[in-house]
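Visitor: What follows is query_9.cif, mmCIF, C-alpha atoms; chains and numbers go by the auth columns.
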```cif
data_final
#
loop_
_atom_site.group_PDB
_atom_site.id
_atom_site.type_symbol
_atom_site.label_atom_id
_atom_site.label_comp_id
_atom_site.label_asym_id
_atom_site.label_seq_id
_atom_site.Cartn_x
_atom_site.Cartn_y
_atom_site.Cartn_z
_atom_site.B_iso_or_equiv
_atom_site.auth_seq_id
_atom_site.auth_asym_id
ATOM 1 C CA MET A 1 111.908 98.061 140.714 0.00 1 A
ATOM 2 C CA LYS A 2 110.288 97.299 137.367 0.00 2 A
ATOM 3 C CA LEU A 3 113.358 98.667 135.572 0.00 3 A
ATOM 4 C CA TRP A 4 115.688 96.304 137.461 0.00 4 A
ATOM 5 C CA THR A 5 113.435 93.356 136.647 0.00 5 A
ATOM 6 C CA SER A 6 113.545 94.308 132.951 0.00 6 A
ATOM 7 C CA ILE A 7 117.327 94.712 133.020 0.00 7 A
ATOM 8 C CA ALA A 8 117.742 91.350 134.761 0.00 8 A
ATOM 9 C CA ALA A 9 115.454 89.654 132.226 0.00 9 A
ATOM 10 C CA ALA A 10 117.311 91.234 129.289 0.00 10 A
ATOM 11 C CA THR A 11 120.665 90.185 130.743 0.00 11 A
ATOM 12 C CA ALA A 12 119.466 86.622 131.278 0.00 12 A
ATOM 13 C CA LEU A 13 118.099 86.489 127.726 0.00 13 A
ATOM 14 C CA THR A 14 121.386 87.796 126.323 0.00 14 A
ATOM 15 C CA VAL A 15 123.433 85.257 128.283 0.00 15 A
ATOM 16 C CA PHE A 16 121.087 82.462 127.179 0.00 16 A
ATOM 17 C CA SER A 17 121.279 83.598 123.540 0.00 17 A
ATOM 18 C CA LEU A 18 125.074 83.790 123.619 0.00 18 A
ATOM 19 C CA SER A 19 125.349 80.329 125.154 0.00 19 A
ATOM 20 C CA ALA A 20 123.005 78.965 122.487 0.00 20 A
ATOM 21 C CA LEU A 21 125.221 80.484 119.793 0.00 21 A
ATOM 22 C CA ALA A 22 128.310 79.001 121.414 0.00 22 A
ATOM 23 C CA ALA A 23 126.768 75.515 121.059 0.00 23 A
ATOM 24 C CA ASP A 24 126.870 75.723 117.230 0.00 24 A
ATOM 25 C CA TYR A 25 129.958 74.429 115.446 0.00 25 A
ATOM 26 C CA LYS A 26 130.908 74.926 111.811 0.00 26 A
ATOM 27 C CA VAL A 27 133.317 72.962 109.634 0.00 27 A
ATOM 28 C CA GLY A 28 133.312 73.308 105.857 0.00 28 A
ATOM 29 C CA ASP A 29 129.686 73.404 104.682 0.00 29 A
ATOM 30 C CA LEU A 30 128.462 71.642 107.834 0.00 30 A
ATOM 31 C CA THR A 31 126.828 73.116 110.935 0.00 31 A
ATOM 32 C CA ILE A 32 126.638 70.996 114.100 0.00 32 A
ATOM 33 C CA THR A 33 123.974 71.919 116.663 0.00 33 A
ATOM 34 C CA SER A 34 122.141 70.356 119.627 0.00 34 A
ATOM 35 C CA ALA A 35 125.282 68.636 120.931 0.00 35 A
ATOM 36 C CA TRP A 36 124.448 66.720 124.111 0.00 36 A
ATOM 37 C CA THR A 37 124.720 63.476 126.062 0.00 37 A
ATOM 38 C CA ARG A 38 123.154 62.008 129.195 0.00 38 A
ATOM 39 C CA ALA A 39 124.621 61.721 132.665 0.00 39 A
ATOM 40 C CA THR A 40 125.644 58.123 133.338 0.00 40 A
ATOM 41 C CA PRO A 41 125.458 55.997 136.491 0.00 41 A
ATOM 42 C CA PRO A 42 128.711 55.742 138.485 0.00 42 A
ATOM 43 C CA LYS A 43 129.737 52.323 137.087 0.00 43 A
ATOM 44 C CA ALA A 44 128.384 52.675 133.539 0.00 44 A
ATOM 45 C CA LYS A 45 130.726 51.396 130.860 0.00 45 A
ATOM 46 C CA ALA A 46 129.016 53.196 127.957 0.00 46 A
ATOM 47 C CA GLY A 47 127.200 56.380 127.012 0.00 47 A
ATOM 48 C CA GLY A 48 125.649 57.887 123.898 0.00 48 A
ATOM 49 C CA GLY A 49 126.248 61.237 122.236 0.00 49 A
ATOM 50 C CA PHE A 50 123.723 63.177 120.171 0.00 50 A
ATOM 51 C CA ILE A 51 124.027 66.002 117.627 0.00 51 A
ATOM 52 C CA GLU A 52 122.315 67.475 114.587 0.00 52 A
ATOM 53 C CA ILE A 53 124.386 67.990 111.441 0.00 53 A
ATOM 54 C CA THR A 54 123.163 70.301 108.681 0.00 54 A
ATOM 55 C CA ASN A 55 124.881 70.139 105.305 0.00 55 A
ATOM 56 C CA ASN A 56 124.559 73.635 103.812 0.00 56 A
ATOM 57 C CA GLY A 57 126.603 72.675 100.751 0.00 57 A
ATOM 58 C CA THR A 58 125.844 71.199 97.349 0.00 58 A
ATOM 59 C CA GLU A 59 127.931 68.011 97.867 0.00 59 A
ATOM 60 C CA ASP A 60 127.209 65.104 100.195 0.00 60 A
ATOM 61 C CA ASP A 61 129.579 64.527 103.102 0.00 61 A
ATOM 62 C CA ARG A 62 129.957 61.681 105.583 0.00 62 A
ATOM 63 C CA LEU A 63 130.701 61.524 109.311 0.00 63 A
ATOM 64 C CA ILE A 64 133.377 58.830 109.315 0.00 64 A
ATOM 65 C CA ALA A 65 134.759 58.845 112.875 0.00 65 A
ATOM 66 C CA ALA A 66 134.520 60.236 116.391 0.00 66 A
ATOM 67 C CA ALA A 67 137.234 60.296 119.035 0.00 67 A
ATOM 68 C CA SER A 68 137.429 61.328 122.687 0.00 68 A
ATOM 69 C CA ASP A 69 139.732 60.842 125.657 0.00 69 A
ATOM 70 C CA VAL A 70 136.707 60.150 127.913 0.00 70 A
ATOM 71 C CA ALA A 71 136.374 56.557 126.675 0.00 71 A
ATOM 72 C CA GLY A 72 138.524 53.664 125.552 0.00 72 A
ATOM 73 C CA LYS A 73 136.677 53.514 122.239 0.00 73 A
ATOM 74 C CA VAL A 74 134.265 55.786 120.361 0.00 74 A
ATOM 75 C CA GLU A 75 132.156 54.530 117.455 0.00 75 A
ATOM 76 C CA LEU A 76 129.277 55.686 115.279 0.00 76 A
ATOM 77 C CA HIS A 77 126.238 53.475 115.930 0.00 77 A
ATOM 78 C CA GLU A 78 122.706 52.875 114.791 0.00 78 A
ATOM 79 C CA MET A 79 120.062 51.485 117.124 0.00 79 A
ATOM 80 C CA ALA A 80 116.748 50.000 116.048 0.00 80 A
ATOM 81 C CA VAL A 81 114.007 47.845 117.579 0.00 81 A
ATOM 82 C CA THR A 82 112.710 45.054 115.339 0.00 82 A
ATOM 83 C CA ASP A 83 110.084 42.610 116.630 0.00 83 A
ATOM 84 C CA GLY A 84 110.761 43.777 120.177 0.00 84 A
ATOM 85 C CA VAL A 85 114.515 43.129 119.930 0.00 85 A
ATOM 86 C CA MET A 86 116.878 46.058 120.136 0.00 86 A
ATOM 87 C CA THR A 87 119.824 45.902 117.778 0.00 87 A
ATOM 88 C CA MET A 88 122.805 48.200 117.857 0.00 88 A
ATOM 89 C CA ARG A 89 125.415 48.147 115.132 0.00 89 A
ATOM 90 C CA GLU A 90 128.486 50.144 114.335 0.00 90 A
ATOM 91 C CA LYS A 91 128.117 52.200 111.153 0.00 91 A
ATOM 92 C CA GLU A 92 131.436 51.030 109.698 0.00 92 A
ATOM 93 C CA ASN A 93 131.065 53.229 106.595 0.00 93 A
ATOM 94 C CA GLY A 94 130.049 56.240 108.680 0.00 94 A
ATOM 95 C CA ILE A 95 126.884 58.300 108.480 0.00 95 A
ATOM 96 C CA GLU A 96 125.937 60.017 105.239 0.00 96 A
ATOM 97 C CA ILE A 97 125.140 63.737 105.456 0.00 97 A
ATOM 98 C CA PRO A 98 123.291 64.529 102.189 0.00 98 A
ATOM 99 C CA ALA A 99 123.666 67.995 100.647 0.00 99 A
ATOM 100 C CA GLY A 100 120.970 70.407 101.789 0.00 100 A
ATOM 101 C CA GLU A 101 119.719 68.106 104.570 0.00 101 A
ATOM 102 C CA THR A 102 119.927 67.760 108.347 0.00 102 A
ATOM 103 C CA VAL A 103 120.788 64.426 109.950 0.00 103 A
ATOM 104 C CA ALA A 104 119.900 63.951 113.618 0.00 104 A
ATOM 105 C CA LEU A 105 121.911 61.656 115.864 0.00 105 A
ATOM 106 C CA GLN A 106 119.443 61.086 118.690 0.00 106 A
ATOM 107 C CA PRO A 107 118.301 58.539 121.278 0.00 107 A
ATOM 108 C CA GLY A 108 116.792 55.474 119.616 0.00 108 A
ATOM 109 C CA GLY A 109 118.584 55.934 116.292 0.00 109 A
ATOM 110 C CA LEU A 110 121.951 57.060 115.000 0.00 110 A
ATOM 111 C CA HIS A 111 124.334 58.135 117.777 0.00 111 A
ATOM 112 C CA ILE A 112 127.917 58.432 118.954 0.00 112 A
ATOM 113 C CA MET A 113 128.782 55.494 121.232 0.00 113 A
ATOM 114 C CA PHE A 114 131.345 55.971 124.010 0.00 114 A
ATOM 115 C CA MET A 115 132.578 52.574 125.265 0.00 115 A
ATOM 116 C CA GLY A 116 134.850 51.893 128.217 0.00 116 A
ATOM 117 C CA LEU A 117 134.141 55.191 129.982 0.00 117 A
ATOM 118 C CA ASN A 118 137.049 56.514 132.043 0.00 118 A
ATOM 119 C CA GLN A 119 134.602 58.178 134.458 0.00 119 A
ATOM 120 C CA PRO A 120 130.861 58.878 134.592 0.00 120 A
ATOM 121 C CA PHE A 121 129.324 61.715 132.595 0.00 121 A
ATOM 122 C CA LYS A 122 128.084 64.231 135.178 0.00 122 A
ATOM 123 C CA GLU A 123 125.050 66.458 134.641 0.00 123 A
ATOM 124 C CA GLY A 124 125.992 70.089 134.038 0.00 124 A
ATOM 125 C CA THR A 125 129.436 69.309 132.611 0.00 125 A
ATOM 126 C CA THR A 126 130.556 68.780 129.019 0.00 126 A
ATOM 127 C CA VAL A 127 132.096 65.868 127.135 0.00 127 A
ATOM 128 C CA PRO A 128 134.679 66.670 124.440 0.00 128 A
ATOM 129 C CA VAL A 129 134.594 64.773 121.144 0.00 129 A
ATOM 130 C CA VAL A 130 136.337 65.286 117.814 0.00 130 A
ATOM 131 C CA LEU A 131 134.189 64.481 114.797 0.00 131 A
ATOM 132 C CA THR A 132 135.856 63.576 111.502 0.00 132 A
ATOM 133 C CA PHE A 133 134.039 64.190 108.219 0.00 133 A
ATOM 134 C CA GLU A 134 135.153 62.749 104.903 0.00 134 A
ATOM 135 C CA THR A 135 135.179 66.134 103.123 0.00 135 A
ATOM 136 C CA ALA A 136 134.867 68.845 105.773 0.00 136 A
ATOM 137 C CA GLY A 137 137.574 67.401 108.056 0.00 137 A
ATOM 138 C CA ASP A 138 137.801 67.491 111.858 0.00 138 A
ATOM 139 C CA VAL A 139 135.830 69.584 114.327 0.00 139 A
ATOM 140 C CA ALA A 140 136.055 69.588 118.145 0.00 140 A
ATOM 141 C CA VAL A 141 132.628 69.616 119.802 0.00 141 A
ATOM 142 C CA GLU A 142 131.544 69.820 123.457 0.00 142 A
ATOM 143 C CA LEU A 143 128.489 67.726 124.344 0.00 143 A
ATOM 144 C CA ASP A 144 126.430 69.259 127.167 0.00 144 A
ATOM 145 C CA VAL A 145 125.556 66.615 129.779 0.00 145 A
ATOM 146 C CA ALA A 146 121.800 66.473 130.538 0.00 146 A
ATOM 147 C CA LYS A 147 120.258 64.566 133.429 0.00 147 A
ATOM 148 C CA MET A 148 120.362 60.786 133.536 0.00 148 A
ATOM 149 C CA GLY A 149 117.695 59.238 131.312 0.00 149 A
ATOM 150 C CA ALA A 150 116.960 62.459 129.404 0.00 150 A
ATOM 151 C CA LYS A 151 115.223 62.023 126.053 0.00 151 A
ATOM 152 C CA SER A 152 116.482 65.406 124.841 0.00 152 A
ATOM 153 C CA MET A 153 118.785 68.177 126.035 0.00 153 A
ATOM 154 C CA LYS A 154 115.731 69.695 127.695 0.00 154 A
ATOM 155 C CA GLY A 155 115.678 66.605 129.927 0.00 155 A
ATOM 156 C CA GLY A 156 112.313 65.096 128.988 0.00 156 A
ATOM 157 C CA HIS A 157 111.654 61.394 129.548 0.00 157 A
ATOM 158 C CA GLY A 158 110.161 58.908 127.144 0.00 158 A
ATOM 159 C CA ASP A 159 110.273 55.139 126.857 0.00 159 A
ATOM 160 C CA HIS A 160 113.765 55.122 125.360 0.00 160 A
ATOM 161 C CA GLY A 161 114.915 57.994 127.560 0.00 161 A
ATOM 162 C CA LYS A 162 114.155 55.982 130.700 0.00 162 A
ATOM 163 C CA MET A 163 116.161 53.055 129.409 0.00 163 A
ATOM 164 C CA GLY A 164 119.430 54.888 128.730 0.00 164 A
ATOM 165 C CA HIS A 165 122.669 53.194 127.676 0.00 165 A
ATOM 166 C CA GLY A 166 123.593 52.354 131.250 0.00 166 A
ATOM 167 C CA LYS A 167 120.382 50.382 131.852 0.00 167 A
ATOM 168 C CA MET A 168 119.913 48.345 128.668 0.00 168 A
ATOM 169 C CA ASP A 169 118.493 44.838 128.796 0.00 169 A
ATOM 170 C CA HIS A 170 121.419 43.113 127.099 0.00 170 A
ATOM 171 C CA SER A 171 119.564 39.777 127.102 0.00 171 A
ATOM 172 C CA LYS A 172 117.376 41.057 124.225 0.00 172 A
ATOM 173 C CA MET A 173 120.118 42.901 122.404 0.00 173 A
ATOM 174 C CA ASP A 174 121.695 41.754 119.142 0.00 174 A
ATOM 175 C CA HIS A 175 124.923 43.778 119.248 0.00 175 A
ATOM 176 C CA ASP A 176 126.241 42.753 115.850 0.00 176 A
ATOM 177 C CA ASN A 177 129.162 44.754 114.502 0.00 177 A
ATOM 178 C CA LYS A 178 128.510 44.004 110.837 0.00 178 A
#
```
Translate the structure described by the file into structure tokens.
Guide:
Amino acid sequence: MKLWTSIAAATALTVFSLSALAADYKVGDLTITSAWTRATPPKAKAGGGFIEITNNGTEDDRLIAAASDVAGKVELHEMAVTDGVMTMREKENGIEIPAGETVALQPGGLHIMFMGLNQPFKEGTTVPVVLTFETAGDVAVELDVAKMGAKSMKGGHGDHGKMGHGKMDHSKMDHDNK
């Protein structure tokens, strides 16, 4: 019995390890990891996407665009809270990925913004997106869909995680596309 438990544990660990490896994407000198999004409510019009980009090269690069068939429009955004007012702006010049550094697109900061969703993001599925880098080029990435309100792919909640893109208080939002 103990042998079967050990075999089952080893198999589960192997499957988990292989799925973790499958979640890494490489294009040029860049490695994309931790690709995820949150489930959205049935009538949500927007959702955010999150990734980590590591530049293993000696030259800076820049994430200049994102595209997906799941939404009418996909943009690169930055969110910040200043004096209690949340602002969200498109990063029209993209997001710099300095050589030798990792840039995290995460809740409450830089992120991929899906607007005009064609259907809700459902937990346990994936959302396809093509990222375009100035130097490295295009890479197709699958964002794993975590539970609604998740703060991370592990599904933890925090103040921002509870808010989510589908439940923002737009009355206090300065959504300036400068």
Visitor: Evaluate the PyMOL selection byres ((chain A and resi 136-147) around 10) against this structure - the residues, as a CSV table (one decimal) with C-alpha atoms, in the coordinates of the input, please.
Guide:
```csv
chain,number,residue,atom,x,y,z
A,22,ALA,CA,128.3,79.0,121.4
A,23,ALA,CA,126.8,75.5,121.1
A,24,ASP,CA,126.9,75.7,117.2
A,25,TYR,CA,130.0,74.4,115.4
A,26,LYS,CA,130.9,74.9,111.8
A,27,VAL,CA,133.3,73.0,109.6
A,28,GLY,CA,133.3,73.3,105.9
A,29,ASP,CA,129.7,73.4,104.7
A,30,LEU,CA,128.5,71.6,107.8
A,32,ILE,CA,126.6,71.0,114.1
A,33,THR,CA,124.0,71.9,116.7
A,34,SER,CA,122.1,70.4,119.6
A,35,ALA,CA,125.3,68.6,120.9
A,36,TRP,CA,124.4,66.7,124.1
A,37,THR,CA,124.7,63.5,126.1
A,38,ARG,CA,123.2,62.0,129.2
A,39,ALA,CA,124.6,61.7,132.7
A,40,THR,CA,125.6,58.1,133.3
A,49,GLY,CA,126.2,61.2,122.2
A,50,PHE,CA,123.7,63.2,120.2
A,51,ILE,CA,124.0,66.0,117.6
A,61,ASP,CA,129.6,64.5,103.1
A,62,ARG,CA,130.0,61.7,105.6
A,63,LEU,CA,130.7,61.5,109.3
A,64,ILE,CA,133.4,58.8,109.3
A,65,ALA,CA,134.8,58.8,112.9
A,66,ALA,CA,134.5,60.2,116.4
A,67,ALA,CA,137.2,60.3,119.0
A,68,SER,CA,137.4,61.3,122.7
A,121,PHE,CA,129.3,61.7,132.6
A,122,LYS,CA,128.1,64.2,135.2
A,123,GLU,CA,125.0,66.5,134.6
A,124,GLY,CA,126.0,70.1,134.0
A,125,THR,CA,129.4,69.3,132.6
A,126,THR,CA,130.6,68.8,129.0
A,127,VAL,CA,132.1,65.9,127.1
A,128,PRO,CA,134.7,66.7,124.4
A,129,VAL,CA,134.6,64.8,121.1
A,130,VAL,CA,136.3,65.3,117.8
A,131,LEU,CA,134.2,64.5,114.8
A,132,THR,CA,135.9,63.6,111.5
A,133,PHE,CA,134.0,64.2,108.2
A,134,GLU,CA,135.2,62.7,104.9
A,135,THR,CA,135.2,66.1,103.1
A,148,MET,CA,120.4,60.8,133.5
A,149,GLY,CA,117.7,59.2,131.3
A,150,ALA,CA,117.0,62.5,129.4
A,151,LYS,CA,115.2,62.0,126.1
A,152,SER,CA,116.5,65.4,124.8
A,153,MET,CA,118.8,68.2,126.0
A,154,LYS,CA,115.7,69.7,127.7
A,155,GLY,CA,115.7,66.6,129.9
A,156,GLY,CA,112.3,65.1,129.0
A,157,HIS,CA,111.7,61.4,129.5
```
Visitor: Kindly give the distance, in Å, that separates atom CA of A:Lys91 and atom CA of A:Leu76, rounded to a single decimal.
Guide: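 Atom CA of A:Leu76 lies at a distance of 5.5 Å from atom CA of A:Lys91.
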Visitor: So how many Å separate atom CA of A:Met86 and atom CA of A:Pro42, to one decimal?
Guide: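 Taking atom CA of A:Met86 and atom CA of A:Pro42, their separation equals 23.9 Å.
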Visitor: For A:Gly48, find every residue with an atom within 9 Å (counting all atoms listed in the file), except residues of its own chain fewer than 2 positions away, and show them as number ranges by chain.
Guide: A: 36-38, 46, 50, 106-107, 111-115, 164-165
Visitor: Between atom CA of A:Ala104 and atom CA of A:Glu52, what distance in Å does the model show, to one decimal?
Guide: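 Taking atom CA of A:Ala104 and atom CA of A:Glu52, their separation equals 4.4 Å.
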